[in-house]
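Okay, start16.pdb is below, PDB, C-alpha atoms:
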```pdb
ATOM      1  CA  MET A  22     -91.636-159.270  30.732
ATOM      2  CA  ASN A  23     -93.169-160.874  33.764
ATOM      3  CA  ASN A  24     -96.400-159.908  35.412
ATOM      4  CA  HIS A  25     -94.911-157.923  38.223
ATOM      5  CA  ALA A  26     -94.892-154.190  37.880
ATOM      6  CA  HIS A  27     -91.171-154.336  37.497
ATOM      7  CA  ILE A  28     -89.292-151.375  36.172
ATOM      8  CA  ASP A  29     -85.769-152.028  34.974
ATOM      9  CA  GLU A  30     -83.367-149.681  36.594
ATOM     10  CA  HIS A  31     -81.385-147.659  34.117
ATOM     11  CA  ARG A  32     -77.931-149.107  33.982
ATOM     12  CA  ASP A  33     -74.929-148.152  31.907
ATOM     13  CA  ASP A  34     -71.778-149.871  33.125
ATOM     14  CA  GLU A  35     -69.680-148.695  30.206
ATOM     15  CA  GLY A  36     -70.765-145.099  30.827
ATOM     16  CA  ALA A  37     -70.065-145.372  34.570
ATOM     17  CA  LYS A  38     -66.584-146.673  33.888
ATOM     18  CA  THR A  39     -65.858-144.042  31.242
ATOM     19  CA  GLY A  40     -66.920-141.350  33.721
ATOM     20  CA  MET A  41     -64.549-142.777  36.319
ATOM     21  CA  TRP A  42     -61.675-142.791  33.830
ATOM     22  CA  ILE A  43     -62.334-139.175  32.857
ATOM     23  CA  PHE A  44     -62.268-138.249  36.559
ATOM     24  CA  ILE A  45     -58.968-140.161  36.891
ATOM     25  CA  PHE A  46     -57.551-138.142  33.979
ATOM     26  CA  THR A  47     -58.398-134.864  35.750
ATOM     27  CA  GLU A  48     -56.677-136.198  38.871
ATOM     28  CA  LEU A  49     -53.605-137.158  36.858
ATOM     29  CA  LEU A  50     -53.478-133.653  35.382
ATOM     30  CA  LEU A  51     -53.824-132.134  38.878
ATOM     31  CA  PHE A  52     -50.896-134.149  40.259
ATOM     32  CA  GLY A  53     -49.046-133.775  36.946
ATOM     33  CA  GLY A  54     -49.177-130.011  37.417
ATOM     34  CA  LEU A  55     -47.751-130.381  40.923
ATOM     35  CA  PHE A  56     -44.988-132.634  39.579
ATOM     36  CA  ILE A  57     -44.041-129.919  37.092
ATOM     37  CA  VAL A  58     -43.904-127.313  39.896
ATOM     38  CA  TYR A  59     -41.694-129.698  41.875
ATOM     39  CA  SER A  60     -39.324-130.420  38.957
ATOM     40  CA  VAL A  61     -38.921-126.755  38.030
ATOM     41  CA  TYR A  62     -38.118-125.744  41.636
ATOM     42  CA  ARG A  63     -35.774-128.696  41.944
ATOM     43  CA  TYR A  64     -34.016-127.555  38.759
ATOM     44  CA  LEU A  65     -33.726-123.997  40.137
ATOM     45  CA  ASN A  66     -32.581-125.070  43.665
ATOM     46  CA  PRO A  67     -30.644-128.332  43.182
ATOM     47  CA  MET A  68     -28.475-128.090  46.314
ATOM     48  CA  ALA A  69     -31.279-127.121  48.711
ATOM     49  CA  PHE A  70     -33.518-129.916  47.385
ATOM     50  CA  HIS A  71     -30.639-132.362  47.750
ATOM     51  CA  LEU A  72     -30.083-131.388  51.392
ATOM     52  CA  ALA A  73     -33.794-131.332  52.235
ATOM     53  CA  ALA A  74     -34.497-134.717  50.623
ATOM     54  CA  GLU A  75     -31.783-136.280  52.828
ATOM     55  CA  GLU A  76     -34.094-135.539  55.778
ATOM     56  CA  LEU A  77     -36.692-138.013  54.522
ATOM     57  CA  ASP A  78     -36.480-141.642  55.566
ATOM     58  CA  VAL A  79     -36.131-144.022  52.591
ATOM     59  CA  VAL A  80     -37.188-146.992  54.764
ATOM     60  CA  VAL A  81     -40.535-145.418  55.739
ATOM     61  CA  GLY A  82     -41.105-144.458  52.093
ATOM     62  CA  THR A  83     -40.313-147.979  50.875
ATOM     63  CA  VAL A  84     -42.549-149.601  53.510
ATOM     64  CA  ASN A  85     -45.428-147.353  52.470
ATOM     65  CA  THR A  86     -44.808-148.185  48.794
ATOM     66  CA  VAL A  87     -44.979-151.914  49.562
ATOM     67  CA  ILE A  88     -48.195-151.388  51.600
ATOM     68  CA  LEU A  89     -49.880-149.541  48.723
ATOM     69  CA  LEU A  90     -48.784-152.086  46.114
ATOM     70  CA  VAL A  91     -50.149-154.982  48.196
ATOM     71  CA  SER A  92     -53.425-153.109  48.814
ATOM     72  CA  SER A  93     -53.706-152.492  45.074
ATOM     73  CA  MET A  94     -53.405-156.233  44.504
ATOM     74  CA  THR A  95     -56.050-157.091  47.123
ATOM     75  CA  ILE A  96     -58.622-154.673  45.659
ATOM     76  CA  ALA A  97     -57.894-156.009  42.127
ATOM     77  CA  MET A  98     -58.433-159.537  43.466
ATOM     78  CA  ALA A  99     -61.745-158.435  45.009
ATOM     79  CA  ILE A 100     -63.095-157.947  41.447
ATOM     80  CA  THR A 101     -62.015-161.464  40.424
ATOM     81  CA  SER A 102     -63.637-162.836  43.555
ATOM     82  CA  ILE A 103     -66.990-161.066  42.993
ATOM     83  CA  GLN A 104     -66.966-162.343  39.387
ATOM     84  CA  LEU A 105     -66.495-165.844  40.792
ATOM     85  CA  LYS A 106     -69.512-165.206  43.116
ATOM     86  CA  ASN A 107     -67.380-165.466  46.246
ATOM     87  CA  LYS A 108     -68.980-162.783  48.411
ATOM     88  CA  LYS A 109     -67.104-163.651  51.600
ATOM     89  CA  LEU A 110     -63.675-163.484  49.954
ATOM     90  CA  THR A 111     -64.624-160.200  48.251
ATOM     91  CA  LEU A 112     -65.428-158.672  51.643
ATOM     92  CA  ILE A 113     -62.208-160.031  53.159
ATOM     93  CA  LEU A 114     -60.070-158.666  50.312
ATOM     94  CA  MET A 115     -61.749-155.243  50.552
ATOM     95  CA  GLY A 116     -61.297-155.282  54.322
ATOM     96  CA  VAL A 117     -57.589-156.062  53.912
ATOM     97  CA  THR A 118     -57.302-153.139  51.469
ATOM     98  CA  ILE A 119     -58.839-150.763  54.028
ATOM     99  CA  LEU A 120     -56.615-152.155  56.787
ATOM    100  CA  LEU A 121     -53.489-151.589  54.662
ATOM    101  CA  ALA A 122     -54.674-148.048  53.901
ATOM    102  CA  ILE A 123     -54.999-147.370  57.628
ATOM    103  CA  ILE A 124     -51.484-148.740  58.251
ATOM    104  CA  PHE A 125     -50.229-146.406  55.505
ATOM    105  CA  MET A 126     -51.886-143.473  57.266
ATOM    106  CA  VAL A 127     -50.414-144.472  60.646
ATOM    107  CA  ASN A 128     -46.932-144.503  59.074
ATOM    108  CA  LYS A 129     -47.651-141.127  57.500
ATOM    109  CA  TYR A 130     -48.785-139.811  60.907
ATOM    110  CA  PHE A 131     -45.518-140.843  62.573
ATOM    111  CA  GLU A 132     -43.526-139.477  59.653
ATOM    112  CA  TRP A 133     -45.260-136.094  59.756
ATOM    113  CA  THR A 134     -45.234-135.746  63.546
ATOM    114  CA  GLY A 135     -41.530-136.690  63.497
ATOM    115  CA  LYS A 136     -40.842-133.845  61.057
ATOM    116  CA  ILE A 137     -43.054-131.428  62.996
ATOM    117  CA  SER A 138     -41.342-132.254  66.316
ATOM    118  CA  HIS A 139     -38.018-131.425  64.624
ATOM    119  CA  GLY A 140     -39.533-128.051  63.829
ATOM    120  CA  ILE A 141     -39.907-128.741  60.115
ATOM    121  CA  PHE A 142     -43.352-127.586  59.055
ATOM    122  CA  PRO A 143     -44.644-124.686  56.937
ATOM    123  CA  GLY A 144     -44.135-121.410  58.781
ATOM    124  CA  SER A 145     -41.859-122.868  61.475
ATOM    125  CA  GLU A 146     -38.907-120.929  62.961
ATOM    126  CA  ILE A 147     -36.356-123.452  61.707
ATOM    127  CA  LEU A 148     -37.654-123.373  58.127
ATOM    128  CA  HIS A 149     -37.607-119.574  58.159
ATOM    129  CA  GLN A 150     -33.885-119.680  58.828
ATOM    130  CA  SER A 151     -33.343-122.193  55.992
ATOM    131  CA  SER A 152     -32.749-121.392  52.347
ATOM    132  CA  GLN A 153     -35.640-120.654  49.995
ATOM    133  CA  GLY A 154     -35.090-123.995  48.259
ATOM    134  CA  GLU A 155     -35.554-125.958  51.485
ATOM    135  CA  ILE A 156     -38.724-124.010  52.302
ATOM    136  CA  LEU A 157     -40.015-124.894  48.827
ATOM    137  CA  PHE A 158     -39.079-128.558  49.206
ATOM    138  CA  PHE A 159     -40.915-128.988  52.490
ATOM    139  CA  GLY A 160     -43.847-126.881  51.309
ATOM    140  CA  LEU A 161     -44.228-129.184  48.320
ATOM    141  CA  TYR A 162     -43.622-132.262  50.489
ATOM    142  CA  TYR A 163     -46.479-131.380  52.841
ATOM    143  CA  ALA A 164     -48.788-130.218  50.038
ATOM    144  CA  MET A 165     -48.266-133.191  47.732
ATOM    145  CA  THR A 166     -48.115-136.006  50.291
ATOM    146  CA  GLY A 167     -50.985-134.271  52.134
ATOM    147  CA  LEU A 168     -53.153-134.167  49.018
ATOM    148  CA  HIS A 169     -52.248-137.795  48.379
ATOM    149  CA  ALA A 170     -53.167-138.704  51.981
ATOM    150  CA  LEU A 171     -56.531-136.965  51.488
ATOM    151  CA  HIS A 172     -57.092-139.270  48.504
ATOM    152  CA  ILE A 173     -56.293-142.262  50.735
ATOM    153  CA  VAL A 174     -58.934-141.134  53.258
ATOM    154  CA  ILE A 175     -61.527-140.656  50.491
ATOM    155  CA  GLY A 176     -60.550-144.037  49.003
ATOM    156  CA  VAL A 177     -61.111-145.741  52.367
ATOM    157  CA  GLY A 178     -64.570-144.146  52.588
ATOM    158  CA  PHE A 179     -65.412-145.164  49.017
ATOM    159  CA  ILE A 180     -64.262-148.770  49.483
ATOM    160  CA  ALA A 181     -66.071-149.024  52.841
ATOM    161  CA  TYR A 182     -69.283-147.822  51.147
ATOM    162  CA  VAL A 183     -68.909-150.415  48.358
ATOM    163  CA  MET A 184     -68.221-153.070  51.019
ATOM    164  CA  TRP A 185     -71.609-152.237  52.503
ATOM    165  CA  LEU A 186     -73.189-152.603  49.039
ATOM    166  CA  VAL A 187     -71.515-156.003  48.623
ATOM    167  CA  LYS A 188     -72.775-157.037  52.046
ATOM    168  CA  THR A 189     -76.367-156.069  51.203
ATOM    169  CA  ASP A 190     -76.085-157.794  47.765
ATOM    170  CA  ASP A 191     -76.522-154.496  45.915
ATOM    171  CA  VAL A 192     -73.212-155.322  44.300
ATOM    172  CA  LYS A 193     -72.984-158.882  43.012
ATOM    173  CA  HIS A 194     -71.393-161.061  40.338
ATOM    174  CA  ASP A 195     -73.433-159.569  37.470
ATOM    175  CA  ASP A 196     -73.541-155.977  38.703
ATOM    176  CA  TYR A 197     -70.289-154.705  40.142
ATOM    177  CA  VAL A 198     -69.281-151.617  38.189
ATOM    178  CA  ILE A 199     -69.111-149.504  41.371
ATOM    179  CA  LEU A 200     -66.638-152.006  42.826
ATOM    180  CA  GLU A 201     -64.574-151.681  39.633
ATOM    181  CA  ASN A 202     -64.703-147.890  39.947
ATOM    182  CA  SER A 203     -63.651-147.896  43.605
ATOM    183  CA  ALA A 204     -60.779-150.208  42.616
ATOM    184  CA  LEU A 205     -59.806-147.841  39.784
ATOM    185  CA  TYR A 206     -59.758-144.967  42.281
ATOM    186  CA  TRP A 207     -57.569-146.994  44.629
ATOM    187  CA  HIS A 208     -55.130-147.837  41.815
ATOM    188  CA  LEU A 209     -54.960-144.124  40.995
ATOM    189  CA  VAL A 210     -53.843-143.460  44.581
ATOM    190  CA  ASP A 211     -51.183-146.156  44.091
ATOM    191  CA  LEU A 212     -50.173-144.704  40.711
ATOM    192  CA  ILE A 213     -49.595-141.235  42.193
ATOM    193  CA  TRP A 214     -47.534-142.696  45.030
ATOM    194  CA  ILE A 215     -45.375-144.579  42.484
ATOM    195  CA  PHE A 216     -44.157-141.141  41.342
ATOM    196  CA  LEU A 217     -44.193-139.339  44.713
ATOM    197  CA  PHE A 218     -41.942-141.985  46.251
ATOM    198  CA  PRO A 219     -38.900-141.590  43.943
ATOM    199  CA  LEU A 220     -39.318-137.802  43.686
ATOM    200  CA  PHE A 221     -39.288-137.152  47.432
ATOM    201  CA  TYR A 222     -37.525-140.127  49.007
ATOM    202  CA  LEU A 223     -35.166-141.633  46.438
ATOM    203  CA  ILE A 224     -33.711-138.775  44.415
ATOM    204  CA  THR A 225     -31.413-136.911  46.801
TER     205      THR A 225
ATOM    206  CA  MET B   3     -71.111-157.688  33.392
ATOM    207  CA  ASP B   4     -74.166-159.508  32.208
ATOM    208  CA  ASN B   5     -75.068-157.271  29.296
ATOM    209  CA  GLY B   6     -74.040-159.536  26.482
ATOM    210  CA  GLN B   7     -70.388-158.577  26.562
ATOM    211  CA  HIS B   8     -67.814-161.140  27.449
ATOM    212  CA  THR B   9     -66.304-160.636  30.865
ATOM    213  CA  HIS B  10     -62.641-161.186  31.322
ATOM    214  CA  ILE B  11     -61.872-162.746  34.678
ATOM    215  CA  VAL B  12     -58.267-162.197  35.670
ATOM    216  CA  LYS B  13     -56.747-165.061  37.640
ATOM    217  CA  TYR B  14     -55.641-164.464  41.262
ATOM    218  CA  SER B  15     -52.213-165.843  40.351
ATOM    219  CA  THR B  16     -51.798-163.182  37.639
ATOM    220  CA  PHE B  17     -52.225-160.472  40.289
ATOM    221  CA  VAL B  18     -49.738-162.188  42.606
ATOM    222  CA  TRP B  19     -47.146-162.257  39.799
ATOM    223  CA  ILE B  20     -47.812-158.618  38.970
ATOM    224  CA  LEU B  21     -47.295-157.708  42.636
ATOM    225  CA  ILE B  22     -43.994-159.645  42.725
ATOM    226  CA  ILE B  23     -42.789-157.834  39.588
ATOM    227  CA  LEU B  24     -43.803-154.457  41.074
ATOM    228  CA  LEU B  25     -41.994-155.221  44.349
ATOM    229  CA  VAL B  26     -38.839-156.287  42.495
ATOM    230  CA  LEU B  27     -38.962-153.038  40.496
ATOM    231  CA  THR B  28     -39.492-151.020  43.711
ATOM    232  CA  PHE B  29     -36.486-152.566  45.462
ATOM    233  CA  SER B  30     -34.377-152.210  42.304
ATOM    234  CA  SER B  31     -35.223-148.519  42.088
ATOM    235  CA  VAL B  32     -34.272-148.079  45.769
ATOM    236  CA  ALA B  33     -30.999-149.926  45.078
ATOM    237  CA  ILE B  34     -29.998-147.937  42.001
ATOM    238  CA  THR B  35     -30.704-144.585  43.635
ATOM    239  CA  GLN B  36     -28.376-145.520  46.521
ATOM    240  CA  LEU B  37     -25.537-145.774  43.989
ATOM    241  CA  ASP B  38     -23.920-142.543  42.908
ATOM    242  CA  LEU B  39     -24.945-142.248  39.284
ATOM    243  CA  GLY B  40     -25.073-138.449  39.122
ATOM    244  CA  VAL B  41     -27.720-137.158  36.728
ATOM    245  CA  TYR B  42     -28.717-140.694  35.778
ATOM    246  CA  THR B  43     -30.202-141.215  39.270
ATOM    247  CA  VAL B  44     -33.204-139.058  38.358
ATOM    248  CA  THR B  45     -33.551-140.679  34.936
ATOM    249  CA  GLY B  46     -33.252-144.161  36.439
ATOM    250  CA  ALA B  47     -35.768-143.547  39.218
ATOM    251  CA  LEU B  48     -38.317-142.027  36.824
ATOM    252  CA  LEU B  49     -37.788-144.849  34.337
ATOM    253  CA  PHE B  50     -38.567-147.427  37.025
ATOM    254  CA  ALA B  51     -41.625-145.402  38.116
ATOM    255  CA  SER B  52     -42.883-145.238  34.515
ATOM    256  CA  VAL B  53     -42.501-148.989  33.979
ATOM    257  CA  LYS B  54     -44.319-149.640  37.287
ATOM    258  CA  SER B  55     -47.169-147.300  36.388
ATOM    259  CA  VAL B  56     -47.623-148.964  32.981
ATOM    260  CA  ILE B  57     -47.863-152.376  34.709
ATOM    261  CA  VAL B  58     -50.419-151.006  37.234
ATOM    262  CA  LEU B  59     -52.470-149.464  34.408
ATOM    263  CA  MET B  60     -52.380-152.558  32.190
ATOM    264  CA  TYR B  61     -53.096-155.258  34.778
ATOM    265  CA  PHE B  62     -54.495-153.797  38.019
ATOM    266  CA  MET B  63     -56.560-151.212  36.164
ATOM    267  CA  HIS B  64     -57.562-153.774  33.498
ATOM    268  CA  LEU B  65     -56.546-151.630  30.507
ATOM    269  CA  LYS B  66     -55.095-154.719  28.823
ATOM    270  CA  PHE B  67     -58.466-156.499  29.004
ATOM    271  CA  ASP B  68     -60.850-153.551  28.552
ATOM    272  CA  LYS B  69     -61.860-151.810  25.345
ATOM    273  CA  LYS B  70     -58.875-150.266  23.531
ATOM    274  CA  PHE B  71     -60.642-146.887  23.832
ATOM    275  CA  TYR B  72     -59.589-146.509  27.505
ATOM    276  CA  ALA B  73     -55.954-147.353  26.798
ATOM    277  CA  ILE B  74     -55.859-144.856  23.909
ATOM    278  CA  MET B  75     -57.297-142.074  26.114
ATOM    279  CA  MET B  76     -54.785-142.911  28.844
ATOM    280  CA  ALA B  77     -51.934-142.776  26.336
ATOM    281  CA  GLY B  78     -53.248-139.385  25.202
ATOM    282  CA  ILE B  79     -53.113-138.022  28.772
ATOM    283  CA  ALA B  80     -49.596-139.416  29.272
ATOM    284  CA  LEU B  81     -48.519-137.774  26.006
ATOM    285  CA  LEU B  82     -50.114-134.460  27.035
ATOM    286  CA  LEU B  83     -48.341-134.469  30.414
ATOM    287  CA  THR B  84     -44.989-135.400  28.859
ATOM    288  CA  SER B  85     -45.279-132.644  26.240
ATOM    289  CA  VAL B  86     -46.126-130.027  28.886
ATOM    290  CA  ILE B  87     -43.107-131.147  30.957
ATOM    291  CA  ILE B  88     -40.825-131.008  27.884
ATOM    292  CA  VAL B  89     -42.102-127.578  26.790
ATOM    293  CA  THR B  90     -41.718-126.203  30.362
ATOM    294  CA  PHE B  91     -38.135-127.436  30.566
ATOM    295  CA  LEU B  92     -37.264-126.159  27.080
ATOM    296  CA  ASP B  93     -38.422-122.774  28.356
ATOM    297  CA  TYR B  94     -36.314-122.957  31.541
ATOM    298  CA  LEU B  95     -33.241-124.382  29.815
ATOM    299  CA  TYR B  96     -33.083-121.927  26.895
ATOM    300  CA  ARG B  97     -34.633-118.716  28.148
TER     301      ARG B  97
END
```

What does this structure look like when you write it as structure tokens?
Amino acid sequence: MNNHAHIDEHRDDEGAKTGMWIFIFTELLLFGGLFIVYSVYRYLNPMAFHLAAEELDVVVGTVNTVILLVSSMTIAMAITSIQLKNKKLTLILMGVTILLAIIFMVNKYFEWTGKISHGIFPGSEILHQSSQGEILFFGLYYAMTGLHALHIVIGVGFIAYVMWLVKTDDVKHDDYVILENSALYWHLVDLIWIFLFPLFYLIT
Amino acid sequence: MDNGQHTHIVKYSTFVWILIILLVLTFSSVAITQLDLGVYTVTGALLFASVKSVIVLMYFMHLKFDKKFYAIMMAGIALLLTSVIIVTFLDYLYR
């Protein structure tokens, strides 16, 4: 101990990470439940789901998948770079992650507004005239991709906050568990999209 | 982390390779679902998604380098979800 009245801050990296993982498990169960709802309704209305899924653009879905995968890589690299004490590169990699997230959201905006302008949205006239299966498909499409998009927005906020901590040296090469946790959260968002993409865009 | 435990630093190049593998798997899954494989389309697409998620969990989410405890818990959750899906479908298929 030195002479300064220095109180060691309580720190439990392992505990912080375990807490994050437990939160991730609850998120997986939440989306898992939605996936089960989707699969059961798909099983009960195969034709309607087939027709409705044809409406979605595979290209937009693929582009967004690529964007999320690249952003997952950049945030993973940010951890390597903070471990190597490269603060500037860490900030750049985190910034790129946020930028990619925003591009994802812009794509999502055009995709949703495209659907809405065609009169396909919950409660619309056109959907009311469609079969029950198609109503279910688009209901689940908006609910599940919407909930996923909400996670993207929260992820952007979380990563931006950690970026600030990196900038002010509150997160550095020997103390970066919050950066690891924000990265874990971002990978979770990627993980969910890995399943949303084939279920909504690929399987027709 | 500087608390006596060894820290595993993953190389940048490892992440680049992982991304390339994930992109190849993504484009392959797009390609196979464009073919008319009938019921196997769903199986194929979900198989690709599962392989991709395992790679994300192992490398991006560091499960391969972290304590085994996290990987075991994750496997438990995957098992729980799969069993619930199987039980639900057994119910719908044989009721």

Task: Selection: 7 Å around Leu114 (chain A), only C-alpha atoms, excl. self and same-chain fewer than 3 positions, as JSON, numbers by chain - done: {"A": [95, 96, 99, 110, 111, 117, 118]}

TODO: Define the interface residues of chain B facing chain A as those within 7 Å, counting only C-alpha atoms, and report them as a VMD selection string.
DONE: chain B and resid 3 to 4 11 to 14 17 21 25 32 35 43 to 44 47 51 55 62 to 63 79 83 87

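In this model, the gap between CA of Thr28 (chain B) and CA of Ser52 (chain B) comes to 11.4 Å.
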
TODO: Report as a PyMOL selection string the residues that result from applying the PyMOL selection byres ((chain A and resi 128) around 12) to the structure here.
DONE: chain A and resi 78+80-86+88-89+121-127+129-135+170

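Taking CA of Leu148 (chain A) and CA of Ala74 (chain A) as endpoints, the distance between them is 14.0 Å.
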
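The space separating CA of Ala33 (chain B) from CA of Leu49 (chain B) comes to 13.7 Å.
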
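If only C-alpha atoms are the atoms counted, then among B:Trp19, B:Leu24, B:Thr45, B:His10 the closest residue to Ile57 (chain B) is B:Leu24.
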
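The shortest atom-to-atom distance to Met184 (chain A), with only C-alpha atoms taken into account, belongs to A:Lys108 out of A:Ser152, A:Leu168, A:Lys108, A:Val210.
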
Hey, could you pull the box centre and edge lengths for region 48-61 of chain A, axis-aligned, 8 Å padding per side, all listed atoms, to one decimal in Å, as AutoDock Vina command-line options?
```
--center_x -47.8 --center_y -132.0 --center_z 38.6 --size_x 33.8 --size_y 26.4 --size_z 22.5
```

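Protein and nucleic acid residues near (-37.6, -152.6, 37.9) are B:Leu27, B:Ser30, B:Phe50, the criterion being any atom at most 6 Å away using all atoms listed in the file.
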
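Counting only C-alpha atoms and comparing A:Gly116, A:Pro67, A:Gly160, A:Gly144, the residue that lies closest to Gly178 (chain A) is A:Gly116.
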
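With all atoms listed in the file as the basis for measurement, B:Met60 is the residue among B:Ala80, B:Val89, B:Leu95, B:Met60 that approaches Thr16 (chain B) most closely.
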